[in-house]
$ cat data_4.csv   # CSV, N, CA and C atoms
chain,number,residue,atom,x,y,z
A,1,MET,N,29.6,-51.9,-10.7
A,1,MET,CA,29.0,-51.4,-11.9
A,1,MET,C,28.4,-50.0,-11.6
A,2,GLU,N,28.9,-49.0,-12.4
A,2,GLU,CA,28.4,-47.6,-12.2
A,2,GLU,C,27.2,-47.4,-13.0
A,3,PRO,N,26.2,-46.6,-12.4
A,3,PRO,CA,25.0,-46.3,-13.2
A,3,PRO,C,25.3,-45.3,-14.3
A,4,SER,N,24.7,-45.5,-15.4
A,4,SER,CA,25.0,-44.6,-16.6
A,4,SER,C,24.1,-43.4,-16.5
A,5,PRO,N,24.7,-42.2,-16.9
A,5,PRO,CA,23.9,-41.0,-16.8
A,5,PRO,C,22.8,-41.1,-17.8
A,6,LYS,N,21.7,-40.4,-17.5
A,6,LYS,CA,20.5,-40.3,-18.3
A,6,LYS,C,20.9,-39.4,-19.5
A,7,ASP,N,20.1,-39.5,-20.6
A,7,ASP,CA,20.3,-38.7,-21.8
A,7,ASP,C,20.3,-37.2,-21.5
A,8,GLY,N,19.4,-36.7,-20.7
A,8,GLY,CA,19.3,-35.3,-20.4
A,8,GLY,C,20.5,-34.8,-19.6
A,9,GLU,N,21.0,-35.6,-18.7
A,9,GLU,CA,22.1,-35.3,-17.9
A,9,GLU,C,23.4,-35.2,-18.7
A,10,SER,N,23.6,-36.1,-19.6
A,10,SER,CA,24.8,-36.1,-20.4
A,10,SER,C,24.7,-34.9,-21.4
A,11,ALA,N,23.6,-34.6,-21.9
A,11,ALA,CA,23.5,-33.4,-22.8
A,11,ALA,C,23.8,-32.1,-22.1
A,12,ALA,N,23.2,-32.0,-20.8
A,12,ALA,CA,23.5,-30.8,-20.0
A,12,ALA,C,25.0,-30.7,-19.7
A,13,ALA,N,25.6,-31.8,-19.4
A,13,ALA,CA,27.0,-31.8,-19.0
A,13,ALA,C,27.9,-31.5,-20.2
A,14,ALA,N,27.4,-31.9,-21.4
A,14,ALA,CA,28.2,-31.7,-22.6
A,14,ALA,C,28.2,-30.3,-23.1
A,15,GLU,N,27.1,-29.5,-22.8
A,15,GLU,CA,26.9,-28.2,-23.3
A,15,GLU,C,27.0,-27.2,-22.2
A,16,PRO,N,28.1,-26.4,-22.1
A,16,PRO,CA,28.1,-25.4,-21.0
A,16,PRO,C,27.1,-24.3,-21.2
A,17,GLY,N,26.5,-23.8,-20.2
A,17,GLY,CA,25.5,-22.7,-20.4
A,17,GLY,C,24.1,-23.3,-20.3
A,18,ARG,N,24.0,-24.6,-20.4
A,18,ARG,CA,22.6,-25.2,-20.2
A,18,ARG,C,22.7,-26.2,-19.0
A,19,GLY,N,21.7,-26.1,-18.3
A,19,GLY,CA,21.6,-27.1,-17.1
A,19,GLY,C,22.4,-26.5,-15.9
A,20,GLY,N,22.7,-27.4,-15.1
A,20,GLY,CA,23.4,-27.3,-13.8
A,20,GLY,C,24.0,-25.9,-13.4
A,21,ALA,N,25.2,-25.7,-13.7
A,21,ALA,CA,25.9,-24.5,-13.1
A,21,ALA,C,26.0,-23.4,-14.2
A,22,ALA,N,25.0,-23.0,-14.8
A,22,ALA,CA,25.0,-21.9,-15.7
A,22,ALA,C,25.1,-20.6,-15.0
A,23,PRO,N,25.8,-19.7,-15.6
A,23,PRO,CA,25.9,-18.3,-14.9
A,23,PRO,C,24.6,-17.6,-15.1
A,24,SER,N,24.2,-16.7,-14.2
A,24,SER,CA,22.9,-16.0,-14.3
A,24,SER,C,23.0,-15.0,-15.4
A,25,SER,N,21.8,-14.8,-16.0
A,25,SER,CA,21.8,-13.9,-17.1
A,25,SER,C,21.7,-12.4,-16.7
A,26,GLY,N,21.5,-12.1,-15.5
A,26,GLY,CA,21.5,-10.7,-15.0
A,26,GLY,C,20.2,-10.0,-15.3
A,27,VAL,N,19.1,-10.7,-15.4
A,27,VAL,CA,17.8,-10.0,-15.6
A,27,VAL,C,17.3,-9.5,-14.3
A,28,VAL,N,16.9,-8.2,-14.3
A,28,VAL,CA,16.3,-7.5,-13.2
A,28,VAL,C,14.8,-7.5,-13.4
A,29,VAL,N,14.1,-8.0,-12.4
A,29,VAL,CA,12.6,-7.9,-12.4
A,29,VAL,C,12.1,-7.0,-11.4
A,30,GLN,N,11.3,-6.1,-11.8
A,30,GLN,CA,10.7,-5.1,-10.8
A,30,GLN,C,9.2,-5.4,-10.7
A,31,VAL,N,8.7,-5.4,-9.5
A,31,VAL,CA,7.3,-5.6,-9.2
A,31,VAL,C,6.8,-4.3,-8.6
A,32,ARG,N,5.7,-3.9,-9.2
A,32,ARG,CA,5.1,-2.7,-8.7
A,32,ARG,C,3.6,-2.9,-8.5
A,33,GLU,N,3.1,-2.5,-7.4
A,33,GLU,CA,1.7,-2.7,-7.0
A,33,GLU,C,0.8,-1.7,-7.7
A,34,LYS,N,-0.2,-2.2,-8.4
A,34,LYS,CA,-1.2,-1.4,-9.0
A,34,LYS,C,-2.3,-1.0,-8.1
A,35,LYS,N,-2.5,0.2,-7.8
A,35,LYS,CA,-3.5,0.7,-6.8
A,35,LYS,C,-4.7,1.2,-7.6
A,36,GLY,N,-5.9,0.9,-7.0
A,36,GLY,CA,-7.1,1.5,-7.5
A,36,GLY,C,-7.2,2.9,-7.1
A,37,PRO,N,-8.2,3.7,-7.6
A,37,PRO,CA,-8.3,5.1,-7.2
A,37,PRO,C,-8.6,5.3,-5.7
A,38,LEU,N,-9.4,4.5,-5.1
A,38,LEU,CA,-9.6,4.7,-3.6
A,38,LEU,C,-8.4,4.4,-2.8
A,39,ARG,N,-7.7,3.3,-3.2
A,39,ARG,CA,-6.4,3.0,-2.4
A,39,ARG,C,-5.3,4.0,-2.7
A,40,ALA,N,-5.3,4.5,-3.9
A,40,ALA,CA,-4.2,5.5,-4.2
A,40,ALA,C,-4.5,6.9,-3.6
A,41,ALA,N,-5.8,7.1,-3.1
A,41,ALA,CA,-6.1,8.4,-2.5
A,41,ALA,C,-5.8,8.4,-1.1
A,42,ILE,N,-5.3,7.4,-0.5
A,42,ILE,CA,-4.9,7.4,0.9
A,42,ILE,C,-3.7,8.4,1.1
A,43,PRO,N,-3.8,9.4,1.9
A,43,PRO,CA,-2.7,10.4,2.0
A,43,PRO,C,-1.5,9.9,2.8
A,44,TYR,N,-0.3,10.4,2.5
A,44,TYR,CA,0.9,10.2,3.2
A,44,TYR,C,0.9,11.2,4.4
A,45,MET,N,0.6,10.7,5.6
A,45,MET,CA,0.4,11.6,6.7
A,45,MET,C,1.6,11.5,7.7
A,46,PRO,N,1.8,12.4,8.6
A,46,PRO,CA,2.8,12.2,9.6
A,46,PRO,C,2.4,11.0,10.5
A,47,PHE,N,3.4,10.3,11.0
A,47,PHE,CA,3.2,9.0,11.7
A,47,PHE,C,2.2,9.1,12.8
A,48,PRO,N,2.3,10.1,13.7
A,48,PRO,CA,1.3,10.2,14.8
A,48,PRO,C,-0.1,10.4,14.3
A,49,VAL,N,-0.3,11.1,13.3
A,49,VAL,CA,-1.7,11.3,12.7
A,49,VAL,C,-2.2,10.0,12.1
A,50,ALA,N,-1.3,9.3,11.5
A,50,ALA,CA,-1.7,8.0,10.9
A,50,ALA,C,-2.1,7.0,12.0
A,51,VAL,N,-1.4,7.0,13.1
A,51,VAL,CA,-1.7,6.1,14.2
A,51,VAL,C,-3.0,6.5,14.9
A,52,ILE,N,-3.3,7.8,15.0
A,52,ILE,CA,-4.6,8.2,15.5
A,52,ILE,C,-5.7,7.8,14.6
A,53,CYS,N,-5.5,7.9,13.3
A,53,CYS,CA,-6.5,7.5,12.3
A,53,CYS,C,-6.8,6.0,12.4
A,54,LEU,N,-5.7,5.2,12.6
A,54,LEU,CA,-5.9,3.8,12.7
A,54,LEU,C,-6.7,3.5,14.0
A,55,PHE,N,-6.4,4.2,15.1
A,55,PHE,CA,-7.1,4.0,16.3
A,55,PHE,C,-8.6,4.3,16.1
A,56,LEU,N,-8.9,5.5,15.5
A,56,LEU,CA,-10.3,5.8,15.2
A,56,LEU,C,-11.0,4.8,14.3
A,57,ASN,N,-10.3,4.4,13.3
A,57,ASN,CA,-10.9,3.4,12.4
A,57,ASN,C,-11.2,2.0,13.1
A,58,THR,N,-10.4,1.7,14.1
A,58,THR,CA,-10.5,0.5,14.8
A,58,THR,C,-11.8,0.5,15.6
A,59,PHE,N,-12.1,1.6,16.3
A,59,PHE,CA,-13.2,1.7,17.2
A,59,PHE,C,-14.5,2.3,16.6
A,60,VAL,N,-14.3,3.2,15.6
A,60,VAL,CA,-15.5,3.8,14.9
A,60,VAL,C,-15.2,3.7,13.4
A,61,PRO,N,-15.7,2.6,12.7
A,61,PRO,CA,-15.3,2.4,11.3
A,61,PRO,C,-15.6,3.6,10.5
A,62,GLY,N,-14.6,4.1,9.7
A,62,GLY,CA,-14.7,5.2,8.8
A,62,GLY,C,-14.3,6.5,9.3
A,63,LEU,N,-14.3,6.6,10.7
A,63,LEU,CA,-14.0,7.9,11.3
A,63,LEU,C,-12.5,8.4,11.0
A,64,GLY,N,-11.6,7.5,11.1
A,64,GLY,CA,-10.2,7.8,10.8
A,64,GLY,C,-10.0,8.1,9.3
A,65,THR,N,-10.7,7.4,8.4
A,65,THR,CA,-10.7,7.7,7.0
A,65,THR,C,-11.2,9.1,6.7
A,66,PHE,N,-12.3,9.4,7.4
A,66,PHE,CA,-12.9,10.7,7.3
A,66,PHE,C,-12.0,11.8,7.7
A,67,VAL,N,-11.3,11.6,8.8
A,67,VAL,CA,-10.3,12.6,9.3
A,67,VAL,C,-9.1,12.7,8.3
A,68,SER,N,-8.7,11.6,7.8
A,68,SER,CA,-7.6,11.6,6.8
A,68,SER,C,-7.9,12.4,5.5
A,69,ALA,N,-9.2,12.4,5.2
A,69,ALA,CA,-9.6,13.2,4.0
A,69,ALA,C,-9.3,14.7,4.2
A,70,PHE,N,-9.3,15.2,5.4
A,70,PHE,CA,-9.0,16.6,5.6
A,70,PHE,C,-7.5,16.9,5.6
A,71,THR,N,-6.7,15.8,5.8
A,71,THR,CA,-5.3,16.0,5.7
A,71,THR,C,-4.9,16.3,4.2
A,72,VAL,N,-5.7,15.8,3.3
A,72,VAL,CA,-5.5,16.0,1.9
A,72,VAL,C,-5.6,17.5,1.6
A,73,LEU,N,-6.7,18.1,2.2
A,73,LEU,CA,-6.9,19.6,2.0
A,73,LEU,C,-5.8,20.4,2.7
A,74,CYS,N,-5.1,19.8,3.7
A,74,CYS,CA,-4.0,20.5,4.4
A,74,CYS,C,-2.7,20.3,3.7
A,75,GLY,N,-2.7,19.6,2.5
A,75,GLY,CA,-1.4,19.4,1.8
A,75,GLY,C,-0.8,18.1,1.8
A,76,ALA,N,-1.4,17.1,2.4
A,76,ALA,CA,-0.8,15.7,2.4
A,76,ALA,C,-0.8,15.2,1.0
A,77,ARG,N,0.3,14.5,0.6
A,77,ARG,CA,0.6,14.0,-0.7
A,77,ARG,C,-0.1,12.6,-0.8
A,78,THR,N,-0.6,12.3,-2.0
A,78,THR,CA,-1.2,11.0,-2.3
A,78,THR,C,-0.5,10.4,-3.6
A,79,ASP,N,-0.9,9.2,-3.9
A,79,ASP,CA,-0.4,8.6,-5.1
A,79,ASP,C,-1.3,8.9,-6.4
A,80,LEU,N,-2.1,10.0,-6.3
A,80,LEU,CA,-2.8,10.5,-7.4
A,80,LEU,C,-2.4,11.9,-7.7
A,81,PRO,N,-1.2,12.1,-8.2
A,81,PRO,CA,-0.7,13.5,-8.4
A,81,PRO,C,-1.4,14.2,-9.5
A,82,ASP,N,-2.1,13.5,-10.5
A,82,ASP,CA,-2.7,14.2,-11.6
A,82,ASP,C,-4.1,14.6,-11.3
A,83,ARG,N,-4.6,14.3,-10.1
A,83,ARG,CA,-6.0,14.7,-9.7
A,83,ARG,C,-5.9,15.9,-8.7
A,84,HIS,N,-7.0,16.7,-8.8
A,84,HIS,CA,-7.1,17.9,-8.0
A,84,HIS,C,-7.3,17.5,-6.5
A,85,ARG,N,-6.9,18.3,-5.6
A,85,ARG,CA,-7.0,18.0,-4.2
A,85,ARG,C,-8.5,17.7,-3.8
A,86,CYS,N,-9.4,18.5,-4.3
A,86,CYS,CA,-10.8,18.3,-4.0
A,86,CYS,C,-11.3,17.0,-4.4
A,87,CYS,N,-10.9,16.5,-5.6
A,87,CYS,CA,-11.3,15.2,-6.1
A,87,CYS,C,-10.7,14.1,-5.2
A,88,VAL,N,-9.5,14.2,-4.7
A,88,VAL,CA,-8.9,13.2,-3.8
A,88,VAL,C,-9.6,13.3,-2.5
A,89,PHE,N,-10.0,14.5,-2.0
A,89,PHE,CA,-10.7,14.7,-0.8
A,89,PHE,C,-12.1,13.9,-0.9
A,90,TRP,N,-12.8,14.0,-2.0
A,90,TRP,CA,-14.1,13.4,-2.1
A,90,TRP,C,-13.9,11.8,-2.3
A,91,LEU,N,-12.8,11.4,-2.8
A,91,LEU,CA,-12.5,10.0,-2.9
A,91,LEU,C,-12.4,9.4,-1.5
A,92,ASN,N,-11.7,10.1,-0.6
A,92,ASN,CA,-11.5,9.7,0.8
A,92,ASN,C,-12.8,9.7,1.5
A,93,ILE,N,-13.6,10.7,1.3
A,93,ILE,CA,-15.0,10.8,1.9
A,93,ILE,C,-15.8,9.6,1.4
A,94,ALA,N,-15.7,9.3,0.2
A,94,ALA,CA,-16.5,8.1,-0.4
A,94,ALA,C,-16.0,6.8,0.3
A,95,ALA,N,-14.7,6.7,0.5
A,95,ALA,CA,-14.2,5.5,1.2
A,95,ALA,C,-14.7,5.4,2.6
A,96,ALA,N,-14.7,6.6,3.3
A,96,ALA,CA,-15.3,6.6,4.7
A,96,ALA,C,-16.7,6.2,4.7
A,97,LEU,N,-17.5,6.7,3.8
A,97,LEU,CA,-18.9,6.4,3.7
A,97,LEU,C,-19.1,4.9,3.4
A,98,ILE,N,-18.3,4.3,2.5
A,98,ILE,CA,-18.4,2.9,2.3
A,98,ILE,C,-18.1,2.1,3.5
A,99,GLN,N,-17.1,2.5,4.3
A,99,GLN,CA,-16.8,1.8,5.5
A,99,GLN,C,-17.9,2.0,6.5
A,100,ILE,N,-18.5,3.1,6.7
A,100,ILE,CA,-19.5,3.3,7.6
A,100,ILE,C,-20.8,2.5,7.3
A,101,LEU,N,-21.2,2.6,6.0
A,101,LEU,CA,-22.4,1.9,5.6
A,101,LEU,C,-22.3,0.4,5.6
A,102,THR,N,-21.1,-0.2,5.4
A,102,THR,CA,-20.9,-1.6,5.3
A,102,THR,C,-20.4,-2.2,6.7
A,103,ALA,N,-20.3,-1.3,7.7
A,103,ALA,CA,-19.8,-1.8,9.0
A,103,ALA,C,-20.9,-2.7,9.7
A,104,ILE,N,-22.1,-2.5,9.3
A,104,ILE,CA,-23.2,-3.3,9.8
A,104,ILE,C,-22.9,-4.8,9.6
A,105,VAL,N,-22.4,-5.1,8.5
A,105,VAL,CA,-22.2,-6.5,8.1
A,105,VAL,C,-20.7,-6.9,8.3
A,106,MET,N,-20.0,-6.1,9.1
A,106,MET,CA,-18.6,-6.4,9.5
A,106,MET,C,-17.6,-6.1,8.3
A,107,VAL,N,-18.0,-6.0,7.1
A,107,VAL,CA,-17.1,-5.8,6.0
A,107,VAL,C,-16.5,-4.4,6.1
A,108,GLY,N,-17.3,-3.4,6.4
A,108,GLY,CA,-16.8,-2.1,6.6
A,108,GLY,C,-15.8,-1.9,7.7
A,109,TRP,N,-16.1,-2.6,8.8
A,109,TRP,CA,-15.2,-2.5,10.0
A,109,TRP,C,-13.8,-3.1,9.6
A,110,ILE,N,-13.8,-4.3,9.0
A,110,ILE,CA,-12.5,-4.9,8.6
A,110,ILE,C,-11.8,-4.0,7.6
A,111,MET,N,-12.6,-3.5,6.6
A,111,MET,CA,-12.0,-2.6,5.6
A,111,MET,C,-11.4,-1.4,6.3
A,112,SER,N,-12.1,-0.9,7.3
A,112,SER,CA,-11.7,0.3,8.0
A,112,SER,C,-10.3,0.1,8.7
A,113,ILE,N,-10.2,-1.1,9.3
A,113,ILE,CA,-9.0,-1.4,10.1
A,113,ILE,C,-7.8,-1.6,9.1
A,114,PHE,N,-8.1,-2.3,7.9
A,114,PHE,CA,-7.0,-2.4,6.9
A,114,PHE,C,-6.6,-1.0,6.3
A,115,TRP,N,-7.6,-0.2,6.2
A,115,TRP,CA,-7.3,1.2,5.7
A,115,TRP,C,-6.4,1.9,6.6
A,116,GLY,N,-6.7,1.8,7.9
A,116,GLY,CA,-5.9,2.5,8.9
A,116,GLY,C,-4.5,1.9,8.9
A,117,MET,N,-4.4,0.6,8.8
A,117,MET,CA,-3.0,-0.1,8.7
A,117,MET,C,-2.3,0.5,7.5
A,118,ASP,N,-3.0,0.6,6.3
A,118,ASP,CA,-2.3,1.2,5.2
A,118,ASP,C,-1.8,2.6,5.4
A,119,MET,N,-2.6,3.4,6.2
A,119,MET,CA,-2.2,4.7,6.5
A,119,MET,C,-0.9,4.7,7.3
A,120,VAL,N,-0.8,3.8,8.3
A,120,VAL,CA,0.4,3.7,9.1
A,120,VAL,C,1.6,3.2,8.3
A,121,ILE,N,1.4,2.3,7.4
A,121,ILE,CA,2.4,1.8,6.5
A,121,ILE,C,3.0,2.9,5.6
A,122,LEU,N,2.1,3.7,5.0
A,122,LEU,CA,2.5,4.8,4.2
A,122,LEU,C,3.2,5.9,5.0
A,123,ALA,N,2.8,6.1,6.2
A,123,ALA,CA,3.5,7.1,7.1
A,123,ALA,C,4.9,6.5,7.4
A,124,THR,N,5.0,5.2,7.6
A,124,THR,CA,6.3,4.6,8.0
A,124,THR,C,7.2,4.8,6.7
A,125,GLU,N,6.7,4.5,5.5
A,125,GLU,CA,7.5,4.6,4.3
A,125,GLU,C,8.0,6.1,4.2
A,126,ARG,N,7.1,7.0,4.4
A,126,ARG,CA,7.5,8.4,4.3
A,126,ARG,C,8.6,8.8,5.3
A,127,ARG,N,8.4,8.2,6.5
A,127,ARG,CA,9.4,8.5,7.6
A,127,ARG,C,10.8,7.9,7.2
A,128,CYS,N,10.8,6.7,6.6
A,128,CYS,CA,12.0,6.0,6.2
A,128,CYS,C,12.7,6.8,5.1
A,129,ARG,N,11.9,7.2,4.1
A,129,ARG,CA,12.5,8.0,3.0
A,129,ARG,C,13.1,9.3,3.5
A,130,ALA,N,12.4,10.0,4.4
A,130,ALA,CA,12.9,11.2,5.0
A,130,ALA,C,14.2,11.0,5.7
A,131,ALA,N,14.3,9.9,6.5
A,131,ALA,CA,15.5,9.6,7.2
A,131,ALA,C,16.6,9.2,6.2
A,132,GLY,N,16.3,8.5,5.1
A,132,GLY,CA,17.3,8.2,4.1
A,132,GLY,C,17.8,9.4,3.4
A,133,ALA,N,16.9,10.4,3.2
A,133,ALA,CA,17.3,11.6,2.5
A,133,ALA,C,18.2,12.4,3.4
A,134,ASP,N,18.0,12.4,4.7
A,134,ASP,CA,18.9,13.1,5.7
A,134,ASP,C,20.3,12.5,5.7
A,135,LEU,N,20.4,11.2,5.4
A,135,LEU,CA,21.8,10.6,5.4
A,135,LEU,C,22.6,10.9,4.2
A,136,HIS,N,22.0,11.3,3.1
A,136,HIS,CA,22.7,11.5,1.9
A,136,HIS,C,23.0,13.0,1.7
$ encode --input "data_4.csv" --output "structure tokens"
Amino acid sequence: MEPSPKDGESAAAAEPGRGGAAPSSGVVVQVREKKGPLRAAIPYMPFPVAVICLFLNTFVPGLGTFVSAFTVLCGARTDLPDRHRCCVFWLNIAAALIQILTAIVMVGWIMSIFWGMDMVILATERRCRAAGADLH
């Protein structure tokens, strides 16, 4: 005696395009990270400078962020193209001060290390894009 199919299974088998082996609809989904103003103010620096800033942020919270603020004045690009360089500079100084002042309760130190890691990640992305542009 064979088991009889359930109602949902027989309906899905009877109608192509519903259930089991339906072809994909071809929808493309794009995910984009929304950054706050402080996070978007992190400059795209050369890789060695980003590693130095990470090292500084690891041992003296906020120092690497403070140094990275000056790279904005030297022409480093950020994700805030509509803001003036001086405004982005002061945003980075504010982030450094937040890291320094909250380092006492470990929050600033952890934030400082993550900030340095973001600098290295952005520098790596910049390096990969430059290498990709050289190939084309």
$ closest_residue --input "data_4.csv" --among "A:Leu73, A:Leu63, A:Met117, A:Asp79" --to "Leu97 in chain A" --atoms "all atoms listed in the file"
A:Leu63
$ residues_around --input "data_4.csv" --residues "Thr65 in chain A" --least-positions-apart "6" --cutoff "7 Å" --atoms "all atoms listed in the file" --output "PyMOL selection string"
chain A and resi 53-54+56-57+92-93+95-96+116
$ closest_residue --input "data_4.csv" --among "A:Cys86, A:Val60, A:Ala76, A:Val107" --to "Ile42 in chain A" --atoms "all atoms listed in the file"
A:Ala76
$ atom_distance --input "data_4.csv" --atom1 "CA of Ala41 in chain A" --atom2 "CA of Leu91 in chain A"
6.6 Å
$ atom_distance --input "data_4.csv" --atom1 "atom C of Arg77 in chain A" --atom2 "CA of Phe114 in chain A"
18.2 Å
$ select_by_dssp --input "data_4.csv" --residues "range 72-121 of chain A" --states "helix (DSSP H, G or I)" --output "PyMOL selection string"
chain A and resi 72-73+85-101+103-105+107-121
$ closest_residue --input "data_4.csv" --among "A:Gly75, A:Pro81, A:Gly132, A:Gly64" --to "Trp115 in chain A" --atoms "only C-alpha atoms"
A:Gly64
$ residues_around --input "data_4.csv" --residues "Val120 in chain A" --least-positions-apart "6" --cutoff "7 Å" --atoms "all atoms listed in the file" --output "MDAnalysis selection string"
chainID A and resid 47 50:51 54
$ closest_residue --input "data_4.csv" --among "A:Ser25, A:Gly36, A:Leu122, A:Gly62" --to "Thr102 in chain A" --atoms "only C-alpha atoms"
A:Gly62
$ residues_around --input "data_4.csv" --residues "Val88 in chain A" --least-positions-apart "5" --cutoff "8 Å" --atoms "only C-alpha atoms" --output "PyMOL selection string"
chain A and resi 41+69+72+80+83
$ atom_distance --input "data_4.csv" --atom1 "atom C of Leu101 in chain A" --atom2 "CA of Ile52 in chain A"
21.7 Å
